[in-house]
Amino acid sequence: MKNLGAYEAKKCFGELLDLARREPVQITKKGRNVAVVISIEEFERLLELEEELIAIKAKQAQQEGFIGVSESEQLLEDIL
């Protein structure tokens, strides 16, 4: 992963965008990591992975016997 200072990233923004299309670019400011610039394709891939993970966790919860929203609301209503 390429690393650029905030000033350099600002000064060479077009180059930053070109570089981010090839690999993630980490931006630092005053020695601290503050951001990572990635291509839209990489961002969309990460969103898809997140959705897949959520689906896997939901299926796991269902298999382990966790109840859904409507069932939990009914249970709370019955208790109260």
# chains A, B, ... in the order shown; residues from 1 in each chain; ligands from 1
$ residues_around --residues "Arg22 (chain A)" --least-positions-apart "4" --cutoff "10 Å" --atoms "only C-alpha atoms" --output "list in words"
Met1, Leu17, Asp18, Ile38, Ser39 and Glu42 of chain A
$ write_last_selection --atoms "N, CA and C atoms" --output "PDB file, in the first residue's frame"
ATOM      1  N   MET A   1       0.854  -1.172   0.000  1.00  0.00           N
ATOM      2  CA  MET A   1       0.000   0.000   0.000  1.00  0.00           C
ATOM      3  C   MET A   1       0.898   1.232   0.000  1.00  0.00           C
ATOM      4  N   LEU A  17      -5.705   9.868  -7.398  1.00  0.00           N
ATOM      5  CA  LEU A  17      -6.821   9.101  -7.949  1.00  0.00           C
ATOM      6  C   LEU A  17      -6.342   8.003  -8.891  1.00  0.00           C
ATOM      7  N   ASP A  18      -5.371   8.316  -9.724  1.00  0.00           N
ATOM      8  CA  ASP A  18      -4.815   7.308 -10.633  1.00  0.00           C
ATOM      9  C   ASP A  18      -4.160   6.178  -9.859  1.00  0.00           C
ATOM     10  N   ILE A  38      -9.418   4.215  -2.020  1.00  0.00           N
ATOM     11  CA  ILE A  38      -9.471   2.986  -2.820  1.00  0.00           C
ATOM     12  C   ILE A  38     -10.303   3.231  -4.072  1.00  0.00           C
ATOM     13  N   SER A  39     -10.151   2.363  -5.046  1.00  0.00           N
ATOM     14  CA  SER A  39     -10.934   2.473  -6.279  1.00  0.00           C
ATOM     15  C   SER A  39     -12.389   2.128  -5.999  1.00  0.00           C
ATOM     16  N   GLU A  42     -12.851  -1.633  -5.875  1.00  0.00           N
ATOM     17  CA  GLU A  42     -12.471  -2.242  -4.597  1.00  0.00           C
ATOM     18  C   GLU A  42     -13.529  -1.956  -3.531  1.00  0.00           C
TER      19      GLU A  42
END
$ select_by_dssp --residues "region 8-67 of chain A" --states "helix (DSSP H, G or I)" --output "number ranges by chain"
A: 8-11, 13-22, 40-63
$ residues_around --residues "Leu19 (chain A)" --least-positions-apart "5" --cutoff "10 Å" --atoms "only C-alpha atoms" --output "list of chain:residue names"
A:Lys2, A:Phe13, A:Gly14, A:Pro24, A:Val25, A:Val37, A:Ile38, A:Ser39
$ write_last_selection --atoms "N, CA, C and O atoms" --output "short mmCIF file (atom, residue, chain, number, x, y, z; two decimals), in the first residue's frame"
data_model
loop_
_atom_site.label_atom_id
_atom_site.label_comp_id
_atom_site.auth_asym_id
_atom_site.auth_seq_id
_atom_site.Cartn_x
_atom_site.Cartn_y
_atom_site.Cartn_z
N LYS A 2 0.61 2.12 -0.90
CA LYS A 2 1.34 3.38 -1.01
C LYS A 2 0.90 4.30 0.12
O LYS A 2 -0.24 4.25 0.56
N PHE A 13 -3.68 15.61 -6.42
CA PHE A 13 -4.92 14.87 -6.29
C PHE A 13 -5.20 13.96 -7.48
O PHE A 13 -5.62 12.82 -7.33
N GLY A 14 -4.97 14.44 -8.69
CA GLY A 14 -5.20 13.62 -9.88
C GLY A 14 -4.33 12.37 -9.88
O GLY A 14 -4.80 11.28 -10.20
N PRO A 24 -4.66 0.50 -2.94
CA PRO A 24 -5.09 1.43 -1.88
C PRO A 24 -3.96 2.41 -1.54
O PRO A 24 -2.78 2.05 -1.59
N VAL A 25 -4.34 3.63 -1.20
CA VAL A 25 -3.37 4.66 -0.84
C VAL A 25 -3.72 5.17 0.56
O VAL A 25 -4.82 5.66 0.80
N VAL A 37 -7.59 5.74 0.47
CA VAL A 37 -8.32 5.97 -0.77
C VAL A 37 -8.24 4.70 -1.59
O VAL A 37 -7.15 4.16 -1.80
N ILE A 38 -9.42 4.21 -2.02
CA ILE A 38 -9.47 2.99 -2.82
C ILE A 38 -10.30 3.23 -4.07
O ILE A 38 -11.09 4.18 -4.12
N SER A 39 -10.15 2.36 -5.05
CA SER A 39 -10.93 2.47 -6.28
C SER A 39 -12.39 2.13 -6.00
O SER A 39 -12.71 1.44 -5.03
#
$ select_by_dssp --residues "chain A" --states "strand (DSSP E)" --output "JSON, numbers by chain"
{"A": [2, 3, 4, 5, 25, 26, 27, 28, 29, 32, 33, 34, 35, 36, 37]}
$ write_last_selection --atoms "N, CA and C atoms" --output "JSON list (two decimals), in the first residue's frame"
[["chain", "number", "residue", "atom", "x", "y", "z"],
["A", 2, "LYS", "N", 0.61, 2.12, -0.90],
["A", 2, "LYS", "CA", 1.34, 3.38, -1.01],
["A", 2, "LYS", "C", 0.90, 4.30, 0.12],
["A", 3, "ASN", "N", 1.82, 5.15, 0.60],
["A", 3, "ASN", "CA", 1.52, 6.08, 1.68],
["A", 3, "ASN", "C", 1.86, 7.49, 1.22],
["A", 4, "LEU", "N", 0.90, 8.41, 1.37],
["A", 4, "LEU", "CA", 1.13, 9.81, 1.02],
["A", 4, "LEU", "C", 0.77, 10.70, 2.20],
["A", 5, "GLY", "N", 1.49, 11.80, 2.33],
["A", 5, "GLY", "CA", 1.11, 12.81, 3.31],
["A", 5, "GLY", "C", -0.09, 13.58, 2.80],
["A", 25, "VAL", "N", -4.34, 3.63, -1.20],
["A", 25, "VAL", "CA", -3.37, 4.66, -0.84],
["A", 25, "VAL", "C", -3.72, 5.17, 0.56],
["A", 26, "GLN", "N", -2.77, 5.03, 1.46],
["A", 26, "GLN", "CA", -2.97, 5.48, 2.84],
["A", 26, "GLN", "C", -2.54, 6.94, 2.93],
["A", 27, "ILE", "N", -3.36, 7.76, 3.57],
["A", 27, "ILE", "CA", -3.06, 9.18, 3.74],
["A", 27, "ILE", "C", -2.72, 9.43, 5.21],
["A", 28, "THR", "N", -1.61, 10.12, 5.44],
["A", 28, "THR", "CA", -1.21, 10.47, 6.80],
["A", 28, "THR", "C", -1.21, 11.98, 6.96],
["A", 29, "LYS", "N", -1.50, 12.41, 8.18],
["A", 29, "LYS", "CA", -1.46, 13.83, 8.51],
["A", 29, "LYS", "C", -0.81, 13.97, 9.87],
["A", 32, "ARG", "N", -0.06, 10.75, 11.63],
["A", 32, "ARG", "CA", -1.16, 9.82, 11.96],
["A", 32, "ARG", "C", -1.83, 9.34, 10.69],
["A", 33, "ASN", "N", -2.20, 8.09, 10.65],
["A", 33, "ASN", "CA", -2.98, 7.56, 9.54],
["A", 33, "ASN", "C", -4.41, 8.09, 9.67],
["A", 34, "VAL", "N", -4.89, 8.75, 8.60],
["A", 34, "VAL", "CA", -6.22, 9.36, 8.69],
["A", 34, "VAL", "C", -7.22, 8.84, 7.66],
["A", 35, "ALA", "N", -6.73, 8.24, 6.57],
["A", 35, "ALA", "CA", -7.66, 7.79, 5.54],
["A", 35, "ALA", "C", -6.97, 6.80, 4.61],
["A", 36, "VAL", "N", -7.81, 6.06, 3.89],
["A", 36, "VAL", "CA", -7.33, 5.20, 2.81],
["A", 36, "VAL", "C", -8.21, 5.48, 1.61],
["A", 37, "VAL", "N", -7.59, 5.74, 0.47],
["A", 37, "VAL", "CA", -8.32, 5.97, -0.77],
["A", 37, "VAL", "C", -8.24, 4.70, -1.59]]
$ atom_distance --atom1 "CA of Leu75 (chain A)" --atom2 "CA of Lys57 (chain A)"
22.4 Å
$ closest_residue --among "A:Ile79, A:Ala61, A:Ile67, A:Ala6" --to "Gly31 (chain A)" --atoms "only C-alpha atoms"
A:Ala6
